[in-house]
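Quick look at target-v2.txt (compact mmCIF, C-alpha atoms):
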```
# COMPACT_ATOMS: atom_id res chain seq x y z
CA MET A 6 0.00 0.00 0.00
CA VAL A 7 1.22 3.47 -0.83
CA HIS A 8 1.99 5.81 2.03
CA TRP A 9 1.15 9.50 1.77
CA SER A 10 2.74 11.95 4.17
CA ALA A 11 0.75 14.86 5.57
CA GLU A 12 2.80 17.19 3.40
CA GLU A 13 2.03 15.18 0.26
CA LYS A 14 -1.69 15.15 1.02
CA GLN A 15 -1.52 18.92 1.50
CA LEU A 16 0.26 19.43 -1.80
CA ILE A 17 -2.29 17.26 -3.58
CA SER A 18 -5.39 18.90 -2.15
CA SER A 19 -4.13 22.47 -2.41
CA VAL A 20 -3.35 22.01 -6.13
CA TRP A 21 -6.52 20.05 -6.86
CA GLY A 22 -8.65 22.68 -5.13
CA LYS A 23 -7.55 25.21 -7.74
CA VAL A 24 -7.88 22.99 -10.81
CA ASN A 25 -10.63 23.60 -13.34
CA VAL A 26 -11.34 19.95 -14.07
CA GLU A 27 -13.08 20.58 -17.39
CA GLU A 28 -10.37 22.86 -18.82
CA CYS A 29 -7.45 20.93 -17.45
CA GLY A 30 -8.86 17.57 -18.50
CA ALA A 31 -9.58 18.80 -22.01
CA GLU A 32 -6.11 20.26 -22.33
CA ALA A 33 -4.36 17.18 -20.98
CA LEU A 34 -6.16 14.81 -23.35
CA ALA A 35 -5.66 17.15 -26.33
CA ARG A 36 -1.94 17.39 -25.62
CA LEU A 37 -1.71 13.61 -25.26
CA LEU A 38 -3.21 13.18 -28.73
CA ILE A 39 -0.97 15.91 -30.18
CA VAL A 40 2.34 15.10 -28.51
CA TYR A 41 1.95 11.31 -28.81
CA PRO A 42 -0.17 10.97 -31.94
CA TRP A 43 -0.20 7.18 -31.82
CA THR A 44 -2.56 7.52 -28.84
CA GLN A 45 -5.22 8.59 -31.34
CA ARG A 46 -5.62 4.90 -32.12
CA PHE A 47 -8.17 4.62 -29.29
CA PHE A 48 -10.37 7.40 -30.59
CA ASP A 49 -11.39 6.46 -34.15
CA ASN A 50 -14.94 7.56 -33.43
CA PHE A 51 -13.98 11.04 -32.21
CA GLY A 52 -14.21 12.64 -35.64
CA ASN A 53 -11.66 15.21 -36.74
CA LEU A 54 -8.24 14.70 -35.13
CA SER A 55 -6.31 15.79 -38.22
CA SER A 56 -4.43 18.74 -36.71
CA PRO A 57 -3.60 20.26 -33.32
CA THR A 58 -6.28 22.91 -33.94
CA ALA A 59 -8.85 20.24 -34.79
CA ILE A 60 -7.94 18.22 -31.71
CA ILE A 61 -8.08 21.19 -29.34
CA GLY A 62 -11.46 22.25 -30.70
CA ASN A 63 -12.92 18.76 -30.88
CA PRO A 64 -15.93 18.57 -28.52
CA LYS A 65 -15.53 14.82 -27.99
CA VAL A 66 -11.93 15.36 -26.89
CA ARG A 67 -13.03 18.03 -24.45
CA ALA A 68 -15.83 15.90 -23.04
CA HIS A 69 -13.65 12.84 -22.67
CA GLY A 70 -10.84 14.85 -21.11
CA LYS A 71 -13.29 16.14 -18.52
CA LYS A 72 -14.49 12.59 -17.84
CA VAL A 73 -10.96 11.30 -17.36
CA LEU A 74 -9.90 14.07 -15.02
CA THR A 75 -13.14 13.85 -13.03
CA SER A 76 -12.26 10.22 -12.41
CA PHE A 77 -8.86 11.39 -11.25
CA GLY A 78 -10.69 13.39 -8.61
CA ASP A 79 -12.08 10.09 -7.28
CA ALA A 80 -8.51 8.89 -6.81
CA ILE A 81 -7.70 11.95 -4.78
CA LYS A 82 -10.68 11.31 -2.50
CA ASN A 83 -9.54 7.71 -2.01
CA LEU A 84 -5.77 7.93 -1.72
CA GLU A 85 -5.62 5.12 0.83
CA ASN A 86 -7.55 2.71 -1.36
CA LEU A 87 -6.70 3.33 -4.99
CA LYS A 88 -6.65 -0.25 -6.21
CA ALA A 89 -10.19 -0.85 -5.00
CA THR A 90 -11.37 2.51 -6.30
CA TYR A 91 -10.07 1.75 -9.80
CA SER A 92 -10.77 -1.99 -9.87
CA LYS A 93 -13.70 -1.81 -12.28
CA LEU A 94 -12.08 0.87 -14.44
CA SER A 95 -8.97 -1.27 -14.66
CA GLU A 96 -10.97 -4.25 -15.88
CA LEU A 97 -12.75 -2.03 -18.39
CA HIS A 98 -9.50 -0.64 -19.82
CA CYS A 99 -8.11 -4.16 -20.18
CA GLU A 100 -11.07 -6.19 -21.36
CA LYS A 101 -13.14 -3.71 -23.33
CA LEU A 102 -10.91 -0.80 -24.24
CA HIS A 103 -7.64 -2.73 -24.72
CA VAL A 104 -5.46 0.19 -23.66
CA ASP A 105 -1.75 -0.46 -23.08
CA PRO A 106 -1.03 0.79 -19.53
CA GLU A 107 1.92 2.73 -20.88
CA ASN A 108 -0.70 5.22 -22.06
CA PHE A 109 -1.68 5.95 -18.45
CA ARG A 110 1.92 6.93 -17.75
CA LEU A 111 2.02 9.15 -20.83
CA LEU A 112 -1.19 10.93 -19.80
CA GLY A 113 0.14 11.33 -16.26
CA ASP A 114 3.29 13.04 -17.55
CA ILE A 115 1.23 15.34 -19.77
CA LEU A 116 -1.02 16.25 -16.82
CA ILE A 117 2.06 17.29 -14.84
CA ILE A 118 3.12 19.63 -17.62
CA VAL A 119 -0.37 21.13 -17.86
CA LEU A 120 -0.32 21.74 -14.10
CA ALA A 121 3.14 23.30 -14.33
CA ALA A 122 1.95 25.64 -17.07
CA HIS A 123 -1.07 26.58 -15.00
CA PHE A 124 0.60 27.05 -11.62
CA GLY A 125 3.99 28.38 -12.69
CA LYS A 126 6.43 28.85 -9.83
CA ASP A 127 3.84 27.56 -7.35
CA PHE A 128 4.38 24.16 -8.93
CA THR A 129 7.52 23.67 -6.86
CA PRO A 130 9.84 20.68 -7.13
CA SER A 131 8.12 19.15 -4.05
CA CYS A 132 4.79 19.69 -5.68
CA GLN A 133 5.97 18.06 -8.89
CA ALA A 134 7.47 15.13 -6.97
CA THR A 135 4.21 14.53 -5.11
CA TRP A 136 2.10 14.78 -8.23
CA GLN A 137 4.39 12.53 -10.27
CA LYS A 138 4.07 10.01 -7.45
CA LEU A 139 0.27 10.39 -7.61
CA VAL A 140 -0.01 9.94 -11.38
CA GLY A 141 2.33 6.95 -11.13
CA VAL A 142 0.19 5.34 -8.46
CA VAL A 143 -3.00 6.02 -10.42
CA ALA A 144 -1.45 4.49 -13.54
CA HIS A 145 -0.41 1.46 -11.50
CA ALA A 146 -3.91 1.08 -10.03
CA LEU A 147 -5.46 1.30 -13.49
CA ALA A 148 -3.13 -1.42 -14.72
CA HIS A 149 -3.62 -3.62 -11.68
CA LYS A 150 -6.46 -5.78 -13.00
CA TYR A 151 -4.87 -6.43 -16.38
CA HIS A 152 -4.52 -10.03 -17.40
CA MET B 15 11.35 9.52 -35.25
CA VAL B 16 12.28 12.44 -37.45
CA LEU B 17 12.28 16.15 -36.68
CA SER B 18 10.26 17.99 -39.30
CA GLY B 19 11.09 21.48 -40.48
CA ALA B 20 8.34 22.81 -38.24
CA ASP B 21 9.75 20.88 -35.26
CA LYS B 22 13.19 22.36 -35.85
CA ASN B 23 11.79 25.87 -36.04
CA ASN B 24 9.75 25.34 -32.88
CA VAL B 25 12.79 24.09 -30.98
CA LYS B 26 15.01 26.92 -32.18
CA GLY B 27 12.27 29.32 -31.16
CA VAL B 28 12.15 27.90 -27.65
CA PHE B 29 15.87 28.25 -27.10
CA ALA B 30 15.91 31.73 -28.61
CA LYS B 31 13.17 32.75 -26.17
CA ILE B 32 14.89 31.09 -23.20
CA GLY B 33 18.17 32.80 -24.09
CA GLY B 34 20.39 33.45 -21.11
CA GLN B 35 18.00 31.65 -18.77
CA ALA B 36 19.15 28.31 -20.18
CA GLU B 37 21.70 27.81 -17.39
CA GLU B 38 19.13 28.49 -14.70
CA PHE B 39 16.69 26.16 -16.45
CA GLY B 40 19.36 23.47 -16.54
CA ALA B 41 19.93 23.72 -12.80
CA GLU B 42 16.22 23.70 -12.02
CA THR B 43 15.73 20.70 -14.32
CA LEU B 44 18.25 18.74 -12.30
CA GLU B 45 16.79 19.89 -8.99
CA ARG B 46 13.35 18.72 -10.08
CA MET B 47 14.74 15.46 -11.42
CA PHE B 48 16.49 14.62 -8.15
CA ALA B 49 13.34 15.51 -6.16
CA THR B 50 10.91 13.64 -8.39
CA TYR B 51 13.02 10.63 -9.35
CA PRO B 52 15.36 9.97 -6.43
CA GLN B 53 16.94 7.02 -8.24
CA THR B 54 18.65 9.57 -10.53
CA LYS B 55 20.72 10.71 -7.55
CA THR B 56 22.63 7.44 -7.73
CA TYR B 57 24.66 8.90 -10.58
CA PHE B 58 25.88 11.74 -8.37
CA PRO B 59 27.20 10.22 -5.13
CA HIS B 60 30.08 12.67 -5.33
CA PHE B 61 27.81 15.73 -5.43
CA ASP B 62 26.25 17.83 -2.74
CA LEU B 63 22.62 17.60 -3.85
CA GLY B 64 21.26 19.96 -1.23
CA LYS B 65 19.21 23.03 -2.13
CA GLY B 66 21.25 25.69 -3.93
CA SER B 67 24.17 23.36 -4.47
CA ALA B 68 26.91 24.97 -6.52
CA GLN B 69 27.72 21.57 -8.02
CA VAL B 70 24.15 21.10 -9.22
CA LYS B 71 24.14 24.63 -10.65
CA GLY B 72 27.42 23.94 -12.42
CA HIS B 73 26.18 20.67 -13.81
CA GLY B 74 22.86 22.20 -14.84
CA LYS B 75 24.87 24.75 -16.83
CA LYS B 76 26.66 21.93 -18.68
CA VAL B 77 23.41 20.10 -19.43
CA ALA B 78 21.80 23.30 -20.70
CA ALA B 79 24.82 24.09 -22.87
CA ALA B 80 24.54 20.67 -24.50
CA LEU B 81 20.85 21.20 -25.24
CA VAL B 82 21.60 24.64 -26.69
CA GLU B 83 24.38 23.15 -28.81
CA ALA B 84 22.03 20.46 -30.09
CA ALA B 85 19.37 23.06 -30.92
CA ASN B 86 21.93 25.20 -32.74
CA ASN B 87 23.00 22.18 -34.79
CA ILE B 88 19.61 20.61 -35.07
CA ASP B 89 20.27 19.24 -38.55
CA ASP B 90 23.08 17.10 -37.14
CA ILE B 91 22.52 16.46 -33.44
CA ALA B 92 24.61 13.27 -33.63
CA GLY B 93 27.56 15.23 -34.99
CA ALA B 94 27.19 18.07 -32.51
CA LEU B 95 26.99 15.73 -29.51
CA SER B 96 29.40 13.05 -30.73
CA LYS B 97 31.95 13.60 -27.97
CA LEU B 98 29.21 13.65 -25.33
CA SER B 99 27.83 10.47 -26.81
CA ASP B 100 31.25 8.81 -26.44
CA LEU B 101 31.49 10.04 -22.85
CA HIS B 102 28.10 8.62 -21.92
CA ALA B 103 28.86 5.29 -23.58
CA GLN B 104 32.35 4.75 -22.24
CA LYS B 105 32.45 6.50 -18.93
CA LEU B 106 29.10 7.70 -17.57
CA ARG B 107 26.87 4.84 -18.75
CA VAL B 108 23.71 6.47 -17.49
CA ASP B 109 20.86 4.01 -18.05
CA PRO B 110 18.85 5.12 -21.09
CA VAL B 111 15.59 5.34 -19.13
CA ASN B 112 16.92 8.39 -17.27
CA PHE B 113 17.06 10.63 -20.33
CA LYS B 114 13.26 10.52 -20.49
CA LEU B 115 13.11 11.59 -16.85
CA LEU B 116 15.42 14.53 -17.49
CA GLY B 117 13.37 15.46 -20.55
CA GLN B 118 10.13 15.43 -18.55
CA CYS B 119 11.66 17.76 -15.95
CA PHE B 120 12.98 20.15 -18.61
CA LEU B 121 9.49 20.37 -20.10
CA VAL B 122 8.09 21.10 -16.63
CA VAL B 123 10.64 23.89 -16.16
CA VAL B 124 9.76 25.48 -19.50
CA ALA B 125 6.03 25.10 -18.78
CA SER B 126 6.27 26.65 -15.34
CA HIS B 127 8.44 29.60 -16.40
CA ASN B 128 6.89 30.30 -19.77
CA PRO B 129 3.52 28.60 -20.27
CA ALA B 130 2.65 30.74 -23.29
CA LEU B 131 5.75 29.45 -25.05
CA LEU B 132 4.75 25.80 -24.66
CA THR B 133 1.81 25.55 -27.02
CA PRO B 134 0.74 21.97 -27.80
CA GLU B 135 2.65 22.07 -31.10
CA VAL B 136 5.82 23.40 -29.47
CA HIS B 137 5.41 20.88 -26.64
CA ALA B 138 5.30 18.08 -29.21
CA SER B 139 8.39 19.39 -31.04
CA LEU B 140 10.38 19.91 -27.87
CA ASP B 141 9.47 16.46 -26.59
CA LYS B 142 10.65 14.95 -29.88
CA PHE B 143 13.87 16.98 -29.72
CA LEU B 144 14.61 15.83 -26.17
CA CYS B 145 13.98 12.21 -27.24
CA ALA B 146 16.36 12.69 -30.15
CA VAL B 147 19.06 14.04 -27.83
CA GLY B 148 18.60 11.05 -25.50
CA THR B 149 18.82 8.68 -28.46
CA VAL B 150 22.07 10.29 -29.63
CA LEU B 151 23.62 10.15 -26.17
CA THR B 152 22.85 6.44 -25.80
CA ALA B 153 23.51 5.48 -29.44
CA LYS B 154 26.98 4.05 -28.81
CA TYR B 155 26.09 2.10 -25.66
CA ARG B 156 26.26 -1.24 -27.46
```

Can the structure from this file be put into structure tokens for me?
Amino acid sequence: MVHWSAEEKQLISSVWGKVNVEECGAEALARLLIVYPWTQRFFDNFGNLSSPTAIIGNPKVRAHGKKVLTSFGDAIKNLENLKATYSKLSELHCEKLHVDPENFRLLGDILIIVLAAHFGKDFTPSCQATWQKLVGVVAHALAHKYH
Amino acid sequence: MVLSGADKNNVKGVFAKIGGQAEEFGAETLERMFATYPQTKTYFPHFDLGKGSAQVKGHGKKVAAALVEAANNIDDIAGALSKLSDLHAQKLRVDPVNFKLLGQCFLVVVASHNPALLTPEVHASLDKFLCAVGTVLTAKYR
């Protein structure tokens, strides 16, 4: 089980409290699809992903980004019990969606960069370290039920 | 993975904008890397890694200079970094996985200091560039 210090929990909640989940989620997913274009393979039914402009403006990308980051919020509410929290989602990503868990790590890294851009100097090294740990743990939990 | 003309322009643009801050960015990149990925500290047992360390600043300067050199010779990164590539292969032997970690931290530094600079397109180009640098530095490992 992952241990979170009081300081880490503080850094997580203080950042999360200021995050606009819809905007941040949309941006993170858009950047994932732009920076790592092979990730578009999971979104054939999203319509126009032909250029960065198209991706950023794509309403399905925005909606899905919001969905993904909202789910992230569930992780933050259940830091002590991530594997259980993500058990069903993990099964879904393996059995129905067939997503390589490496993609969770890629999205996590992108989210960190989006947060850094948003928070600037407030996104201190300690903050980054805590959040990289969080995205890593979330990725691990999402991969946990894979078989 | 190939850097397109647009990628090269984007990367050159980033380093032109960063200018003299490159050294500071290099130091902060290392600071963030050591904080976020403690296993990277294993390559620096001989360094004081405490906050404000002169050694980390000095090394950050070197790392930044190499990135600037690569950006200035972006049509031939392998040529520009050939000696560094030899050094990493023969002496330093930093495990290839760590170049990605450094790259991630450099992107975070750019994002936090200059978010407007790191548009999605520039982000993509810079990420590719950093991958290319890592590939060059590990190319002679075996």

Which residues of chain B come within 12 Å of chain A, and what is each one's closest atom pair and distance in Å (one decimal), counting all atoms listed in the file, sorted by chain and residue number, as a tab-separated table?
```
residue	atom	partner	partner_atom	distance
B:Met15	CA	A:Tyr41	CA	11.5
B:Asp21	CA	A:Val40	CA	11.6
B:Ala41	CA	A:Pro130	CA	12.0
B:Glu42	CA	A:Pro130	CA	8.6
B:Thr43	CA	A:Pro130	CA	9.3
B:Leu44	CA	A:Pro130	CA	10.1
B:Glu45	CA	A:Pro130	CA	7.2
B:Arg46	CA	A:Pro130	CA	5.0
B:Met47	CA	A:Pro130	CA	8.3
B:Phe48	CA	A:Pro130	CA	9.1
B:Ala49	CA	A:Ala134	CA	5.9
B:Thr50	CA	A:Ala134	CA	4.0
B:Tyr51	CA	A:Ala134	CA	7.5
B:Pro52	CA	A:Ala134	CA	9.4
B:Lys65	CA	A:Pro130	CA	10.9
B:Lys114	CA	A:Asp114	CA	10.7
B:Leu115	CA	A:Asp114	CA	10.0
B:Gly117	CA	A:Asp114	CA	10.8
B:Gln118	CA	A:Asp114	CA	7.3
B:Cys119	CA	A:Ile118	CA	8.9
B:Phe120	CA	A:Ile118	CA	9.9
B:Leu121	CA	A:Ile118	CA	6.9
B:Val122	CA	A:Ile118	CA	5.3
B:Val123	CA	A:Ala121	CA	7.7
B:Val124	CA	A:Ala122	CA	8.2
B:Ala125	CA	A:Ala122	CA	4.5
B:Ser126	CA	A:Gly125	CA	3.9
B:His127	CA	A:Gly125	CA	5.9
B:Asn128	CA	A:Ala122	CA	7.3
B:Pro129	CA	A:Ala122	CA	4.6
B:Ala130	CA	A:Ala122	CA	8.1
B:Leu131	CA	A:Ala122	CA	9.6
B:Leu132	CA	A:Ala122	CA	8.1
B:Thr133	CA	A:Arg36	CA	9.1
B:Pro134	CA	A:Arg36	CA	5.7
B:Glu135	CA	A:Pro57	CA	6.9
B:Val136	CA	A:Val40	CA	9.1
B:His137	CA	A:Val40	CA	6.8
B:Ala138	CA	A:Val40	CA	4.3
B:Ser139	CA	A:Val40	CA	7.8
B:Leu140	CA	A:Val40	CA	9.4
B:Asp141	CA	A:Val40	CA	7.5
B:Lys142	CA	A:Val40	CA	8.4
B:Phe143	CA	A:Val40	CA	11.7
```

Worksheet, complete the sentence: From CA of Ile32 in chain B to CA of Ala92 in chain B the spacing works out at 22.8 Å

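Nearest to Pro110 in chain B of all the residues B:Ala84, B:Ala146, B:Leu151, B:Val70 is B:Leu151, counting all atoms listed in the file.
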
Item to complete: State, in Å with one decimal place, the distance from CA of Leu16 in chain A to CA of Leu84 in chain A.
Response: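 We find that CA of Leu16 in chain A and CA of Leu84 in chain A lie 13.0 Å from each other.
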
Hey, could you pull the box centre and edge lengths for range 137-144 of chain A, axis-aligned, 5 Å padding per side, all listed atoms, to one decimal in Å, as lines of an AutoDock Vina configuration file?
```
center_x = 0.7
center_y = 8.5
center_z = -10.5
size_x = 17.4
size_y = 18.0
size_z = 16.1
```

Worksheet entry | Point-to-point distance from CA of Lys93 in chain A to CA of Lys150 in chain A, Å rounded to tenths | 8.3 Å

Discussion item. Need the shell around range 18-22 of chain A: protein/DNA/RNA residues with any atom at most 8 Å away, counting all atoms listed in the file. Skip same-chain ones fewer than 3 positions apart. Format as an NGL selection string?
Written reply: :A and (14-15 or 81)

Item to complete: Name all residues at most 12 Å from Thr149 in chain B (count only C-alpha atoms; drop same-chain ones fewer than 4 positions away) and give them as a list in words.
Response: Met15, Val16, Ile91, Ala92, Leu95, Ser96, Leu98, Ser99, His102, Ala103, Asp109, Pro110, Val111, Asn112, Phe113, Lys114, Gly117, Lys142, Phe143, Leu144, Cys145, Ala153, Lys154 and Tyr155 of chain B

Discussion item. Which residues are close to Leu34 in chain A, i.e. within 10 Å by all atoms listed in the file, leaving aside same-chain residues fewer than 5 positions away? Reply as a PyMOL selection string.
Written reply: chain A and resi 29+39-40+44+60-61+66-71+73-74+112+115-116

Worksheet entry | Nearest residue to His152 in chain A from the set A:Ser10, A:Asp79, A:Ser95, A:Asn53 (distances using all atoms listed in the file) |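 Ranked by minimum distance to His152 in chain A, first place goes to A:Ser95.
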
Practice prompt. Write out as a VMD selection string the residues lying within 6 Å of range 140-144 of chain A, counting only C-alpha atoms and excluding same-chain residues fewer than 4 positions away.
Written response: chain A and resid 109 to 110 113

Worksheet entry | Shell around Gly52 in chain A at 12 Å using only C-alpha atoms, local window under 5 positions removed, as a list in words | Gln45, Phe47, Ala59, Ile60, Gly62, Asn63, Pro64, Lys65 and Val66 of chain A

Can you sort out range 98-127 of chain A so it carries N, CA and C atoms, written as a tab-separated table (two decimals), keeping the file's coordinate frame?
```tsv
chain	number	residue	atom	x	y	z
A	98	HIS	N	-10.58	-1.06	-18.92
A	98	HIS	CA	-9.50	-0.64	-19.82
A	98	HIS	C	-8.77	-1.84	-20.42
A	99	CYS	N	-8.76	-2.95	-19.66
A	99	CYS	CA	-8.11	-4.16	-20.18
A	99	CYS	C	-9.02	-4.90	-21.12
A	100	GLU	N	-10.22	-5.24	-20.63
A	100	GLU	CA	-11.07	-6.19	-21.36
A	100	GLU	C	-11.87	-5.57	-22.49
A	101	LYS	N	-12.31	-4.32	-22.29
A	101	LYS	CA	-13.14	-3.71	-23.33
A	101	LYS	C	-12.36	-2.72	-24.18
A	102	LEU	N	-11.58	-1.88	-23.52
A	102	LEU	CA	-10.91	-0.80	-24.24
A	102	LEU	C	-9.54	-1.18	-24.81
A	103	HIS	N	-8.93	-2.23	-24.25
A	103	HIS	CA	-7.64	-2.73	-24.72
A	103	HIS	C	-6.57	-1.64	-24.80
A	104	VAL	N	-6.44	-0.90	-23.70
A	104	VAL	CA	-5.46	0.19	-23.66
A	104	VAL	C	-4.18	-0.28	-22.97
A	105	ASP	N	-3.06	-0.15	-23.68
A	105	ASP	CA	-1.75	-0.46	-23.08
A	105	ASP	C	-1.53	0.48	-21.89
A	106	PRO	N	-1.22	-0.06	-20.70
A	106	PRO	CA	-1.03	0.79	-19.53
A	106	PRO	C	0.03	1.87	-19.68
A	107	GLU	N	0.94	1.69	-20.64
A	107	GLU	CA	1.92	2.73	-20.88
A	107	GLU	C	1.22	4.07	-21.16
A	108	ASN	N	0.04	3.99	-21.75
A	108	ASN	CA	-0.70	5.22	-22.06
A	108	ASN	C	-1.11	5.99	-20.81
A	109	PHE	N	-1.32	5.27	-19.69
A	109	PHE	CA	-1.68	5.95	-18.45
A	109	PHE	C	-0.50	6.78	-17.96
A	110	ARG	N	0.71	6.22	-18.15
A	110	ARG	CA	1.92	6.93	-17.75
A	110	ARG	C	2.11	8.17	-18.62
A	111	LEU	N	1.88	8.01	-19.92
A	111	LEU	CA	2.02	9.15	-20.83
A	111	LEU	C	1.06	10.26	-20.44
A	112	LEU	N	-0.20	9.90	-20.17
A	112	LEU	CA	-1.19	10.93	-19.80
A	112	LEU	C	-0.81	11.59	-18.48
A	113	GLY	N	-0.30	10.79	-17.54
A	113	GLY	CA	0.14	11.33	-16.26
A	113	GLY	C	1.22	12.39	-16.45
A	114	ASP	N	2.20	12.09	-17.29
A	114	ASP	CA	3.29	13.04	-17.55
A	114	ASP	C	2.76	14.32	-18.19
A	115	ILE	N	1.82	14.16	-19.11
A	115	ILE	CA	1.23	15.34	-19.77
A	115	ILE	C	0.48	16.18	-18.74
A	116	LEU	N	-0.26	15.53	-17.85
A	116	LEU	CA	-1.02	16.25	-16.82
A	116	LEU	C	-0.09	17.10	-15.97
A	117	ILE	N	1.06	16.55	-15.63
A	117	ILE	CA	2.06	17.29	-14.84
A	117	ILE	C	2.47	18.57	-15.56
A	118	ILE	N	2.69	18.47	-16.85
A	118	ILE	CA	3.12	19.63	-17.62
A	118	ILE	C	2.00	20.67	-17.69
A	119	VAL	N	0.77	20.21	-17.84
A	119	VAL	CA	-0.37	21.13	-17.86
A	119	VAL	C	-0.48	21.85	-16.51
A	120	LEU	N	-0.29	21.12	-15.43
A	120	LEU	CA	-0.32	21.74	-14.10
A	120	LEU	C	0.80	22.75	-13.93
A	121	ALA	N	1.99	22.40	-14.42
A	121	ALA	CA	3.14	23.30	-14.33
A	121	ALA	C	2.86	24.60	-15.09
A	122	ALA	N	2.27	24.46	-16.26
A	122	ALA	CA	1.95	25.64	-17.07
A	122	ALA	C	0.93	26.51	-16.35
A	123	HIS	N	0.00	25.87	-15.69
A	123	HIS	CA	-1.07	26.58	-15.00
A	123	HIS	C	-0.59	27.26	-13.72
A	124	PHE	N	0.22	26.55	-12.94
A	124	PHE	CA	0.60	27.05	-11.62
A	124	PHE	C	1.93	27.77	-11.57
A	125	GLY	N	2.72	27.67	-12.64
A	125	GLY	CA	3.99	28.38	-12.69
A	125	GLY	C	4.90	28.04	-11.54
A	126	LYS	N	5.47	29.08	-10.92
A	126	LYS	CA	6.43	28.85	-9.83
A	126	LYS	C	5.81	28.14	-8.64
A	127	ASP	N	4.50	28.26	-8.47
A	127	ASP	CA	3.84	27.56	-7.35
A	127	ASP	C	3.94	26.05	-7.50
```
